[in-house]
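**Student:** Next comes the structure file query-v4.csv, holding CSV, C-alpha atoms.
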```csv
chain,number,residue,atom,x,y,z
A,10,MET,CA,-20.3,-17.3,-16.6
A,11,SER,CA,-18.2,-15.4,-19.1
A,12,ASN,CA,-15.2,-13.4,-18.0
A,13,SER,CA,-17.0,-10.2,-18.9
A,14,LEU,CA,-19.7,-11.0,-16.4
A,15,LYS,CA,-17.5,-12.0,-13.5
A,16,ALA,CA,-17.5,-9.7,-10.5
A,17,PRO,CA,-14.3,-7.7,-10.2
A,18,ARG,CA,-11.7,-9.2,-7.7
A,19,LEU,CA,-9.6,-6.1,-7.3
A,20,THR,CA,-10.3,-2.4,-6.6
A,21,VAL,CA,-7.6,0.1,-7.5
A,22,ALA,CA,-8.2,3.5,-5.8
A,23,ILE,CA,-6.5,6.6,-7.1
A,24,PRO,CA,-6.9,9.5,-4.6
A,25,LEU,CA,-6.4,12.9,-6.2
A,26,PHE,CA,-4.9,16.1,-4.7
A,27,ASN,CA,-4.3,19.1,-7.0
A,28,ALA,CA,-3.8,16.5,-9.7
A,29,GLU,CA,-3.9,18.6,-12.9
A,30,ARG,CA,-0.2,18.2,-13.7
A,31,TRP,CA,-0.5,14.4,-13.4
A,32,PHE,CA,-3.4,14.0,-15.7
A,33,ASP,CA,-1.5,12.2,-18.4
A,34,ALA,CA,0.1,9.9,-15.9
A,35,ILE,CA,-3.3,9.0,-14.4
A,36,VAL,CA,-4.7,8.3,-17.8
A,37,GLN,CA,-1.7,6.1,-18.7
A,38,ASN,CA,-2.1,4.1,-15.5
A,39,ILE,CA,-5.8,3.6,-16.1
A,40,GLU,CA,-5.0,2.2,-19.5
A,41,HIS,CA,-2.5,-0.2,-18.0
A,42,ILE,CA,-5.0,-1.6,-15.4
A,43,PRO,CA,-6.9,-4.7,-16.6
A,44,ARG,CA,-10.6,-4.0,-17.6
A,45,ASP,CA,-11.8,-6.6,-15.1
A,46,VAL,CA,-10.6,-4.4,-12.3
A,47,THR,CA,-12.7,-1.7,-10.6
A,48,ILE,CA,-11.0,1.7,-10.7
A,49,VAL,CA,-12.1,4.4,-8.3
A,50,ILE,CA,-10.8,7.9,-9.0
A,51,SER,CA,-11.5,10.1,-5.9
A,52,ASP,CA,-11.2,13.8,-5.3
A,53,GLU,CA,-11.8,15.3,-1.8
A,54,THR,CA,-10.1,18.7,-2.5
A,55,ARG,CA,-11.8,19.9,-5.7
A,56,MET,CA,-8.9,22.2,-6.5
A,57,ASP,CA,-9.1,21.6,-10.2
A,58,ASP,CA,-11.2,19.8,-12.8
A,59,THR,CA,-9.0,16.7,-13.2
A,60,LEU,CA,-11.8,14.4,-11.9
A,61,GLN,CA,-14.2,15.8,-14.4
A,62,ARG,CA,-11.7,15.4,-17.3
A,63,ILE,CA,-11.1,11.8,-16.4
A,64,ALA,CA,-14.8,11.1,-16.2
A,65,ALA,CA,-15.2,12.5,-19.6
A,66,ASN,CA,-12.3,10.5,-21.0
A,67,PHE,CA,-13.6,7.2,-19.7
A,68,ALA,CA,-17.4,7.9,-19.9
A,69,ARG,CA,-17.9,4.6,-21.7
A,70,CYS,CA,-15.9,2.4,-19.2
A,71,PRO,CA,-18.3,1.0,-16.6
A,72,HIS,CA,-15.4,-0.3,-14.5
A,73,ILE,CA,-14.2,3.2,-13.8
A,74,HIS,CA,-15.9,5.2,-11.1
A,75,VAL,CA,-15.4,8.8,-10.0
A,76,ARG,CA,-16.0,9.9,-6.5
A,77,GLN,CA,-16.2,13.2,-4.7
A,78,GLY,CA,-16.0,13.0,-0.9
A,79,ARG,CA,-16.1,15.7,1.7
A,80,VAL,CA,-13.7,18.6,1.3
A,81,GLY,CA,-10.9,19.2,3.8
A,82,THR,CA,-9.7,15.7,4.6
A,83,GLY,CA,-6.0,14.8,4.7
A,84,TRP,CA,-4.3,12.1,2.7
A,85,ARG,CA,-4.8,9.4,5.3
A,86,GLU,CA,-8.5,10.1,5.9
A,87,HIS,CA,-9.0,10.2,2.1
A,88,CYS,CA,-7.3,6.8,1.7
A,89,ASN,CA,-9.2,5.4,4.6
A,90,ALA,CA,-12.5,6.4,3.1
A,91,LEU,CA,-11.6,4.5,-0.1
A,92,ILE,CA,-10.4,1.5,2.0
A,93,LYS,CA,-13.7,1.4,3.9
A,94,GLU,CA,-15.8,1.5,0.7
A,95,SER,CA,-13.9,-1.3,-1.0
A,96,THR,CA,-15.7,-4.7,-1.1
A,97,THR,CA,-13.6,-6.7,-3.6
A,98,GLU,CA,-11.3,-9.6,-2.7
A,99,TYR,CA,-8.3,-7.4,-3.2
A,100,PHE,CA,-7.5,-3.7,-2.9
A,101,SER,CA,-4.7,-1.4,-3.9
A,102,LEU,CA,-3.9,2.3,-3.6
A,103,LEU,CA,-2.2,4.0,-6.6
A,104,PRO,CA,-0.8,7.5,-6.0
A,105,GLN,CA,-1.6,10.0,-8.7
A,106,ASP,CA,2.0,10.9,-9.6
A,107,ASP,CA,3.5,7.5,-10.1
A,108,LEU,CA,3.5,5.1,-13.1
A,109,ILE,CA,3.0,1.3,-13.3
A,110,ALA,CA,4.1,-1.2,-15.9
A,111,PRO,CA,1.3,-2.6,-18.1
A,112,ASP,CA,1.4,-6.0,-16.3
A,113,TYR,CA,1.9,-4.7,-12.8
A,114,TYR,CA,-1.4,-5.7,-11.3
A,115,LYS,CA,-1.6,-9.0,-13.3
A,116,LYS,CA,1.6,-10.2,-11.7
A,117,LEU,CA,0.7,-9.2,-8.2
A,118,LEU,CA,-2.7,-10.9,-8.4
A,119,LEU,CA,-1.1,-14.1,-9.8
A,120,ALA,CA,1.3,-14.2,-6.9
A,121,LEU,CA,-1.5,-13.8,-4.3
A,122,ASP,CA,-3.6,-16.5,-6.0
A,123,GLU,CA,-0.6,-18.9,-5.9
A,124,ASN,CA,0.1,-18.0,-2.2
A,125,PRO,CA,-3.3,-18.1,-0.5
A,126,LYS,CA,-1.8,-17.5,3.0
A,127,ALA,CA,-0.2,-14.2,1.9
A,128,GLY,CA,-1.8,-10.9,2.8
A,129,MET,CA,0.0,-8.6,0.4
A,130,ALA,CA,2.0,-8.7,-2.8
A,131,PHE,CA,4.3,-5.9,-3.9
A,132,GLY,CA,6.8,-5.3,-6.7
A,133,THR,CA,10.0,-3.5,-7.4
A,134,ILE,CA,10.0,0.2,-7.2
A,135,ILE,CA,12.1,2.2,-9.6
A,136,ALA,CA,13.0,5.6,-8.2
A,137,GLU,CA,12.8,8.4,-10.8
A,138,ILE,CA,14.6,11.5,-9.4
A,139,PRO,CA,15.2,14.6,-11.5
A,140,ASN,CA,18.7,14.8,-12.9
A,141,GLN,CA,19.6,11.4,-11.5
A,142,LYS,CA,19.8,7.9,-13.0
A,143,SER,CA,16.8,5.8,-12.2
A,144,GLU,CA,17.4,2.9,-9.8
A,145,ALA,CA,15.5,0.3,-8.0
A,146,LEU,CA,14.8,0.8,-4.3
A,147,ALA,CA,16.2,-1.9,-2.0
A,148,ALA,CA,14.5,-5.3,-2.1
A,149,PRO,CA,13.6,-7.0,1.2
A,150,PRO,CA,16.7,-8.0,3.1
A,151,PHE,CA,15.8,-11.6,3.5
A,152,VAL,CA,13.5,-14.2,1.8
A,153,LEU,CA,9.9,-13.6,2.9
A,154,GLY,CA,7.6,-16.2,4.3
A,155,GLN,CA,10.2,-18.3,6.2
A,156,ARG,CA,9.2,-17.2,9.8
A,157,LYS,CA,6.1,-16.2,11.7
A,158,PRO,CA,4.6,-13.1,10.0
A,159,TRP,CA,5.0,-11.0,13.1
A,160,VAL,CA,8.6,-11.8,13.4
A,161,GLU,CA,9.2,-10.8,9.8
A,162,ALA,CA,7.2,-7.6,10.2
A,163,ILE,CA,9.4,-6.5,13.1
A,164,ASP,CA,12.6,-7.5,11.2
A,165,LEU,CA,11.4,-5.5,8.1
A,166,ASP,CA,10.5,-2.5,10.2
A,167,ARG,CA,14.0,-2.5,11.8
A,168,ASN,CA,16.0,-3.2,8.7
A,169,TRP,CA,14.0,-2.1,5.6
A,170,ASN,CA,11.5,0.5,4.4
A,171,LEU,CA,8.0,-0.8,5.0
A,172,GLY,CA,6.7,2.1,2.9
A,173,ILE,CA,7.6,0.2,-0.3
A,174,PRO,CA,4.8,-2.3,-0.1
A,175,PHE,CA,2.3,0.5,0.4
A,176,ARG,CA,1.6,0.4,-3.3
A,177,GLY,CA,1.0,-3.3,-3.5
A,178,VAL,CA,-2.2,-5.4,-3.7
A,179,ILE,CA,-3.8,-6.3,-0.4
A,180,ARG,CA,-6.1,-9.2,0.4
A,181,GLN,CA,-9.4,-8.0,1.9
A,182,LYS,CA,-9.2,-10.2,4.9
A,183,VAL,CA,-6.1,-8.4,6.2
A,184,LEU,CA,-7.0,-4.9,4.9
A,185,ARG,CA,-7.3,-2.3,7.6
A,186,SER,CA,-7.5,1.4,8.0
A,187,ILE,CA,-4.3,3.5,7.9
A,188,PRO,CA,-3.5,4.3,11.6
A,189,ALA,CA,-3.1,7.9,12.8
A,190,THR,CA,0.4,9.1,13.6
A,191,ALA,CA,1.6,12.6,14.6
A,192,GLY,CA,0.9,14.7,11.6
A,193,ASP,CA,0.2,11.5,9.7
A,194,ARG,CA,3.9,11.1,9.3
A,195,PHE,CA,5.1,7.7,8.1
A,196,ALA,CA,1.6,6.3,8.6
A,197,ASP,CA,2.1,4.3,5.4
A,198,GLN,CA,4.9,2.3,7.0
A,199,ILE,CA,2.9,1.7,10.2
A,200,TRP,CA,-0.1,0.6,8.1
A,201,VAL,CA,2.0,-2.0,6.2
A,202,PHE,CA,3.5,-3.2,9.5
A,203,GLY,CA,0.1,-3.7,11.0
A,204,MET,CA,-1.1,-5.9,8.1
A,205,ALA,CA,2.2,-7.8,7.8
A,206,LEU,CA,1.9,-8.9,11.5
A,207,SER,CA,-0.9,-11.4,10.6
A,208,ALA,CA,0.0,-12.6,7.1
A,209,PRO,CA,3.1,-12.9,5.0
A,210,LEU,CA,4.2,-10.4,2.3
A,211,ILE,CA,5.2,-11.5,-1.2
A,212,TYR,CA,7.9,-9.7,-3.2
A,213,VAL,CA,7.3,-10.0,-7.0
A,214,SER,CA,10.5,-8.7,-8.4
A,215,ASP,CA,9.3,-8.4,-12.0
A,216,ALA,CA,6.2,-6.4,-11.2
A,217,ILE,CA,7.5,-2.9,-11.9
A,218,TYR,CA,6.4,0.4,-10.3
A,219,TYR,CA,7.9,3.8,-11.1
A,220,LYS,CA,7.9,6.2,-8.2
A,221,ARG,CA,8.5,9.8,-9.3
A,222,TYR,CA,10.2,12.0,-6.8
A,223,HIS,CA,9.5,15.8,-6.9
A,224,ALA,CA,9.2,18.7,-4.6
A,225,ASN,CA,5.5,18.2,-3.9
A,226,ASN,CA,5.7,14.5,-2.8
A,227,THR,CA,3.7,14.2,0.5
A,228,HIS,CA,6.7,12.7,2.4
A,229,THR,CA,9.0,15.6,1.6
A,230,LYS,CA,7.4,17.6,4.4
A,231,TRP,CA,7.7,14.8,7.0
A,232,THR,CA,10.1,14.9,9.9
A,233,PRO,CA,11.1,11.6,11.5
A,234,LEU,CA,8.9,10.2,14.3
A,235,SER,CA,10.6,10.1,17.6
A,236,GLU,CA,11.7,6.7,18.8
A,237,GLU,CA,9.0,6.7,21.4
A,238,GLU,CA,6.3,7.9,18.9
A,239,ARG,CA,7.2,5.1,16.5
A,240,ARG,CA,7.4,2.5,19.3
A,241,LEU,CA,3.9,3.3,20.6
A,242,ALA,CA,2.5,3.3,17.1
A,243,LEU,CA,4.0,-0.2,16.4
A,244,ILE,CA,2.8,-1.6,19.7
A,245,ALA,CA,-0.7,-0.3,19.0
A,246,GLU,CA,-0.6,-2.2,15.7
A,247,ILE,CA,0.7,-5.4,17.4
A,248,LYS,CA,-2.1,-5.3,20.0
A,249,ALA,CA,-4.7,-4.8,17.4
A,250,ALA,CA,-3.5,-7.4,14.9
A,251,LEU,CA,-2.6,-10.1,17.4
A,252,LYS,CA,-5.4,-9.5,19.9
A,253,GLU,CA,-6.6,-13.1,19.5
A,254,ASP,CA,-3.2,-14.5,20.4
A,255,LYS,CA,-2.0,-13.0,23.6
A,256,VAL,CA,1.2,-15.1,23.7
A,257,ALA,CA,2.2,-13.9,20.2
A,258,SER,CA,1.3,-10.3,21.1
A,259,THR,CA,3.5,-10.4,24.2
A,260,GLN,CA,6.3,-12.0,22.4
A,261,ALA,CA,6.1,-9.5,19.5
A,262,ILE,CA,6.3,-6.5,21.9
A,263,HIS,CA,9.3,-8.1,23.6
A,264,LEU,CA,11.0,-8.7,20.3
A,265,LEU,CA,10.2,-5.1,19.2
A,266,ASP,CA,12.0,-3.8,22.3
A,267,ASN,CA,14.9,-6.4,21.9
A,268,PRO,CA,15.6,-6.6,18.2
A,269,SER,CA,18.9,-8.3,18.8
A,270,GLN,CA,17.0,-11.5,19.6
A,271,LEU,CA,15.8,-11.7,16.0
A,272,LEU,CA,18.8,-13.7,15.2
A,273,ILE,CA,19.0,-16.0,18.2
A,274,ARG,CA,15.5,-17.0,19.4
A,275,SER,CA,14.5,-20.3,17.7
A,276,ASP,CA,10.9,-20.1,19.0
A,277,TYR,CA,10.4,-17.0,16.8
A,278,ILE,CA,10.8,-19.2,13.6
```
How does the structure come out when it is put into structure tokens?
**Tutor:**
Amino acid sequence: MSNSLKAPRLTVAIPLFNAERWFDAIVQNIEHIPRDVTIVISDETRMDDTLQRIAANFARCPHIHVRQGRVGTGWREHCNALIKESTTEYFSLLPQDDLIAPDYYKKLLLALDENPKAGMAFGTIIAEIPNQKSEALAAPPFVLGQRKPWVEAIDLDRNWNLGIPFRGVIRQKVLRSIPATAGDRFADQIWVFGMALSAPLIYVSDAIYYKRYHANNTHTKWTPLSEEERRLALIAEIKAALKEDKVASTQAIHLLDNPSQLLIRSDYI
């Protein structure tokens, strides 16, 4: 079978929300995504004609699909609808206001192909903040894939920002819906945590993603989850992800509540 006839392995979903100002960025990203990737542009707000303009721009591109869902859903519900509808081997969410390097997805897919046990691959995020010098967000604080996945997931949650891999490529077998949190705050981090419990993450340092910070970023309106809110959300993910391994589930909850043992328990390796 020729490459042109192979079924797509990756779906990149781009959820829109009042996206008119980001039209050029969306078009640029689409042009940087390989043509053997399914791209879904979805609008559940219908606040402007961005979806129609994109459809017109790429009318002759069969790998690009436009989607209009029900009006009135929040960002998490919108993303979950796209997750539920994905059937390819890999899936990725691409926010409308950011930019990717031309080889971003190629490098992440290659990393997953070379590491079949891994569940998600993500790259380096360059923060672009108005009137400030661009700089990379912190890389993971330790080499990934050296311990049990659930141990590393807890360590990453305690000592890093698990929102960073949110923009990576996810293997379908570990893909799950984004869980609800109070006001959907930091649901992206809880989502990554839940998937990282059962399969290792891969950091691909030369896969570059540009996150543009501005006043209308979704997270700018978030207030921190209380310690108990976050704990309950993480425990729910542990119980769901490790439900087939009660011993691991019990150990993971214990470790979550006693993070100092991350450094001293040899049976967590």
**Student:** By how many Å are atom CA of Glu253 of chain A and atom CA of Arg180 of chain A apart?
**Tutor:**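 These atoms are spaced 19.5 Å apart.
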**Student:** Quick one: residues within 12 Å of segment 87-92 of chain A, all atoms listed in the file counted, chain neighbours fewer than 6 positions away excluded, as a PyMOL selection string?
**Tutor:** chain A and resi 20-26+48-54+74-81+99-104+175+179-181+183-189+193+196-197+200
**Student:** Skip Tyr212 of chain A itself and residues of its chain fewer than 4 positions away, then list as a ChimeraX atom specification all residues within 9 Å of it, counting all atoms listed in the file.
**Tutor:** /A:117,120,129-133,148-149,152-153,174,216
**Student:** Could you please determine the separation between atom CA of Asp112 of chain A and atom CA of Arg221 of chain A in Å, to one decimal place?
**Tutor:**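 So the answer is 18.7 Å.
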**Student:** Here is a test: counting only C-alpha atoms, which residue of A:Ile199, A:Leu19, A:Ala127, A:Ala242 is nearest to Lys157 of chain A?
**Tutor:** A:Ala127
**Student:** Compare A:Ala257, A:Ile211, A:Leu264, A:Cys70 by their minimum atom-to-atom distance to Lys116 of chain A, counting all atoms listed in the file, and give me the closest one.
**Tutor:**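 Using all atoms listed in the file, the shortest distance to Lys116 of chain A belongs to A:Ile211.
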**Student:** Do you know which residues lie at most 9 Å from (-4.4, 8.1, -13.8), with coordinates as in the file and all atoms listed in the file counted, and could you write them as a JSON list (two decimals) with C-alpha atoms, keeping the file's coordinate frame?
**Tutor:**
```
[["chain", "number", "residue", "atom", "x", "y", "z"],
["A", 23, "ILE", "CA", -6.50, 6.60, -7.10],
["A", 31, "TRP", "CA", -0.50, 14.40, -13.40],
["A", 32, "PHE", "CA", -3.40, 14.00, -15.70],
["A", 33, "ASP", "CA", -1.50, 12.20, -18.40],
["A", 34, "ALA", "CA", 0.10, 9.90, -15.90],
["A", 35, "ILE", "CA", -3.30, 9.00, -14.40],
["A", 36, "VAL", "CA", -4.70, 8.30, -17.80],
["A", 37, "GLN", "CA", -1.70, 6.10, -18.70],
["A", 38, "ASN", "CA", -2.10, 4.10, -15.50],
["A", 39, "ILE", "CA", -5.80, 3.60, -16.10],
["A", 40, "GLU", "CA", -5.00, 2.20, -19.50],
["A", 50, "ILE", "CA", -10.80, 7.90, -9.00],
["A", 63, "ILE", "CA", -11.10, 11.80, -16.40],
["A", 103, "LEU", "CA", -2.20, 4.00, -6.60],
["A", 104, "PRO", "CA", -0.80, 7.50, -6.00],
["A", 105, "GLN", "CA", -1.60, 10.00, -8.70],
["A", 106, "ASP", "CA", 2.00, 10.90, -9.60],
["A", 107, "ASP", "CA", 3.50, 7.50, -10.10],
["A", 108, "LEU", "CA", 3.50, 5.10, -13.10]]
```
**Student:** With distances taken over all atoms listed in the file, which of A:Lys182, A:Lys93, A:Arg240, A:Arg30 is nearest to Ala208 of chain A?
**Tutor:** A:Lys182
**Student:** Can you measure atom CA of Pro71 of chain A to atom CA of Arg18 of chain A for me? One decimal in Å is fine.
**Tutor:**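 Distance reported for this atom pair: 15.1 Å.
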**Student:** Hey, what's within 9 Å of Ile217 of chain A if we count only C-alpha atoms and toss same-chain stuff fewer than 3 positions away? As a PyMOL selection string, please?
**Tutor:** chain A and resi 109-113+132-135+213-214
**Student:** So, counting all atoms listed in the file, which residue among A:Met204, A:Leu119, A:Ala16, A:Ile163 is closest to Asn267 of chain A?
**Tutor:**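 Among the listed residues, A:Ile163 lies closest to Asn267 of chain A.
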**Student:** Produce a table with one row for each residue of segment 151-225 of chain A that has an atom at most 9 Å from any atom of segment 234-237 of chain A, each row naming the nearest atom pair and its distance in Å at one decimal; use all atoms listed in the file; arrange rows by chain and rising residue number; format as a Markdown table.
**Tutor:**
```
| residue | atom | partner | partner_atom | distance |
| --- | --- | --- | --- | --- |
| A:Thr190 | CA | A:Leu234 | CA | 8.6 |
| A:Ala191 | CA | A:Leu234 | CA | 7.7 |
| A:Arg194 | CA | A:Leu234 | CA | 7.1 |
| A:Phe195 | CA | A:Leu234 | CA | 7.7 |
```
**Student:** With N, CA and C atoms as the target, complete segment 192-226 of chain A and hand it back as an mmCIF file, keeping the file's coordinate frame.
**Tutor:**
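For reference, result08.cif as written:
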```cif
data_model
loop_
_atom_site.group_PDB
_atom_site.id
_atom_site.type_symbol
_atom_site.label_atom_id
_atom_site.label_comp_id
_atom_site.auth_asym_id
_atom_site.auth_seq_id
_atom_site.Cartn_x
_atom_site.Cartn_y
_atom_site.Cartn_z
ATOM 1 N N GLY A 192 0.799 14.039 12.875
ATOM 2 C CA GLY A 192 0.900 14.700 11.600
ATOM 3 C C GLY A 192 0.740 13.724 10.411
ATOM 4 N N ASP A 193 0.259 12.517 10.662
ATOM 5 C CA ASP A 193 0.200 11.500 9.700
ATOM 6 C C ASP A 193 1.503 11.067 9.069
ATOM 7 N N ARG A 194 2.586 11.416 9.757
ATOM 8 C CA ARG A 194 3.900 11.100 9.300
ATOM 9 C C ARG A 194 4.215 9.632 9.333
ATOM 10 N N PHE A 195 4.668 9.078 8.199
ATOM 11 C CA PHE A 195 5.100 7.700 8.100
ATOM 12 C C PHE A 195 3.939 6.711 8.491
ATOM 13 N N ALA A 196 2.703 7.185 8.369
ATOM 14 C CA ALA A 196 1.600 6.300 8.600
ATOM 15 C C ALA A 196 1.506 5.173 7.616
ATOM 16 N N ASP A 197 2.068 5.385 6.429
ATOM 17 C CA ASP A 197 2.100 4.300 5.400
ATOM 18 C C ASP A 197 2.899 3.125 5.901
ATOM 19 N N GLN A 198 4.042 3.396 6.533
ATOM 20 C CA GLN A 198 4.900 2.300 7.000
ATOM 21 C C GLN A 198 4.211 1.569 8.194
ATOM 22 N N ILE A 199 3.589 2.315 9.083
ATOM 23 C CA ILE A 199 2.900 1.700 10.200
ATOM 24 C C ILE A 199 1.744 0.842 9.729
ATOM 25 N N TRP A 200 1.069 1.315 8.697
ATOM 26 C CA TRP A 200 -0.100 0.600 8.100
ATOM 27 C C TRP A 200 0.392 -0.773 7.559
ATOM 28 N N VAL A 201 1.454 -0.763 6.771
ATOM 29 C CA VAL A 201 2.000 -2.000 6.200
ATOM 30 C C VAL A 201 2.428 -2.939 7.340
ATOM 31 N N PHE A 202 3.098 -2.382 8.330
ATOM 32 C CA PHE A 202 3.500 -3.200 9.500
ATOM 33 C C PHE A 202 2.363 -3.892 10.131
ATOM 34 N N GLY A 203 1.271 -3.165 10.350
ATOM 35 C CA GLY A 203 0.100 -3.700 11.000
ATOM 36 C C GLY A 203 -0.475 -4.916 10.231
ATOM 37 N N MET A 204 -0.515 -4.817 8.920
ATOM 38 C CA MET A 204 -1.100 -5.900 8.100
ATOM 39 C C MET A 204 -0.077 -7.059 8.000
ATOM 40 N N ALA A 205 1.219 -6.747 7.967
ATOM 41 C CA ALA A 205 2.200 -7.800 7.800
ATOM 42 C C ALA A 205 2.338 -8.648 9.105
ATOM 43 N N LEU A 206 1.825 -8.172 10.226
ATOM 44 C CA LEU A 206 1.900 -8.900 11.500
ATOM 45 C C LEU A 206 1.110 -10.249 11.401
ATOM 46 N N SER A 207 0.045 -10.264 10.599
ATOM 47 C CA SER A 207 -0.900 -11.400 10.600
ATOM 48 C C SER A 207 -0.797 -12.264 9.341
ATOM 49 N N ALA A 208 -0.134 -11.791 8.294
ATOM 50 C CA ALA A 208 0.000 -12.600 7.100
ATOM 51 C C ALA A 208 1.226 -12.211 6.309
ATOM 52 N N PRO A 209 1.880 -13.190 5.683
ATOM 53 C CA PRO A 209 3.100 -12.900 5.000
ATOM 54 C C PRO A 209 3.002 -11.958 3.834
ATOM 55 N N LEU A 210 4.089 -11.257 3.550
ATOM 56 C CA LEU A 210 4.200 -10.400 2.300
ATOM 57 C C LEU A 210 4.850 -11.262 1.244
ATOM 58 N N ILE A 211 4.548 -10.894 0.001
ATOM 59 C CA ILE A 211 5.200 -11.500 -1.200
ATOM 60 C C ILE A 211 5.845 -10.445 -1.993
ATOM 61 N N TYR A 212 7.115 -10.664 -2.317
ATOM 62 C CA TYR A 212 7.900 -9.700 -3.200
ATOM 63 C C TYR A 212 7.889 -10.324 -4.600
ATOM 64 N N VAL A 213 7.350 -9.565 -5.563
ATOM 65 C CA VAL A 213 7.300 -10.000 -7.000
ATOM 66 C C VAL A 213 8.266 -9.083 -7.730
ATOM 67 N N SER A 214 9.463 -9.552 -7.934
ATOM 68 C CA SER A 214 10.500 -8.700 -8.400
ATOM 69 C C SER A 214 10.284 -8.116 -9.805
ATOM 70 N N ASP A 215 9.539 -8.834 -10.648
ATOM 71 C CA ASP A 215 9.300 -8.400 -12.000
ATOM 72 C C ASP A 215 8.032 -7.582 -12.197
ATOM 73 N N ALA A 216 7.351 -7.268 -11.100
ATOM 74 C CA ALA A 216 6.200 -6.400 -11.200
ATOM 75 C C ALA A 216 6.753 -4.945 -10.895
ATOM 76 N N ILE A 217 6.790 -4.127 -11.923
ATOM 77 C CA ILE A 217 7.500 -2.900 -11.900
ATOM 78 C C ILE A 217 6.633 -1.669 -11.629
ATOM 79 N N TYR A 218 7.079 -0.831 -10.698
ATOM 80 C CA TYR A 218 6.400 0.400 -10.300
ATOM 81 C C TYR A 218 7.366 1.539 -10.340
ATOM 82 N N TYR A 219 6.991 2.638 -10.963
ATOM 83 C CA TYR A 219 7.900 3.800 -11.100
ATOM 84 C C TYR A 219 7.432 4.902 -10.156
ATOM 85 N N LYS A 220 8.233 5.156 -9.140
ATOM 86 C CA LYS A 220 7.900 6.200 -8.200
ATOM 87 C C LYS A 220 8.667 7.489 -8.613
ATOM 88 N N ARG A 221 7.919 8.546 -8.856
ATOM 89 C CA ARG A 221 8.500 9.800 -9.300
ATOM 90 C C ARG A 221 8.668 10.762 -8.145
ATOM 91 N N TYR A 222 9.899 11.104 -7.865
ATOM 92 C CA TYR A 222 10.200 12.000 -6.800
ATOM 93 C C TYR A 222 10.178 13.469 -7.282
ATOM 94 N N HIS A 223 9.559 14.336 -6.499
ATOM 95 C CA HIS A 223 9.500 15.800 -6.900
ATOM 96 C C HIS A 223 9.237 16.563 -5.602
ATOM 97 N N ALA A 224 9.271 17.865 -5.732
ATOM 98 C CA ALA A 224 9.200 18.700 -4.600
ATOM 99 C C ALA A 224 7.879 18.650 -3.811
ATOM 100 N N ASN A 225 6.828 18.193 -4.501
ATOM 101 C CA ASN A 225 5.500 18.200 -3.900
ATOM 102 C C ASN A 225 5.104 16.777 -3.377
ATOM 103 N N ASN A 226 6.019 15.815 -3.372
ATOM 104 C CA ASN A 226 5.700 14.500 -2.800
ATOM 105 C C ASN A 226 5.253 14.743 -1.318
#
```
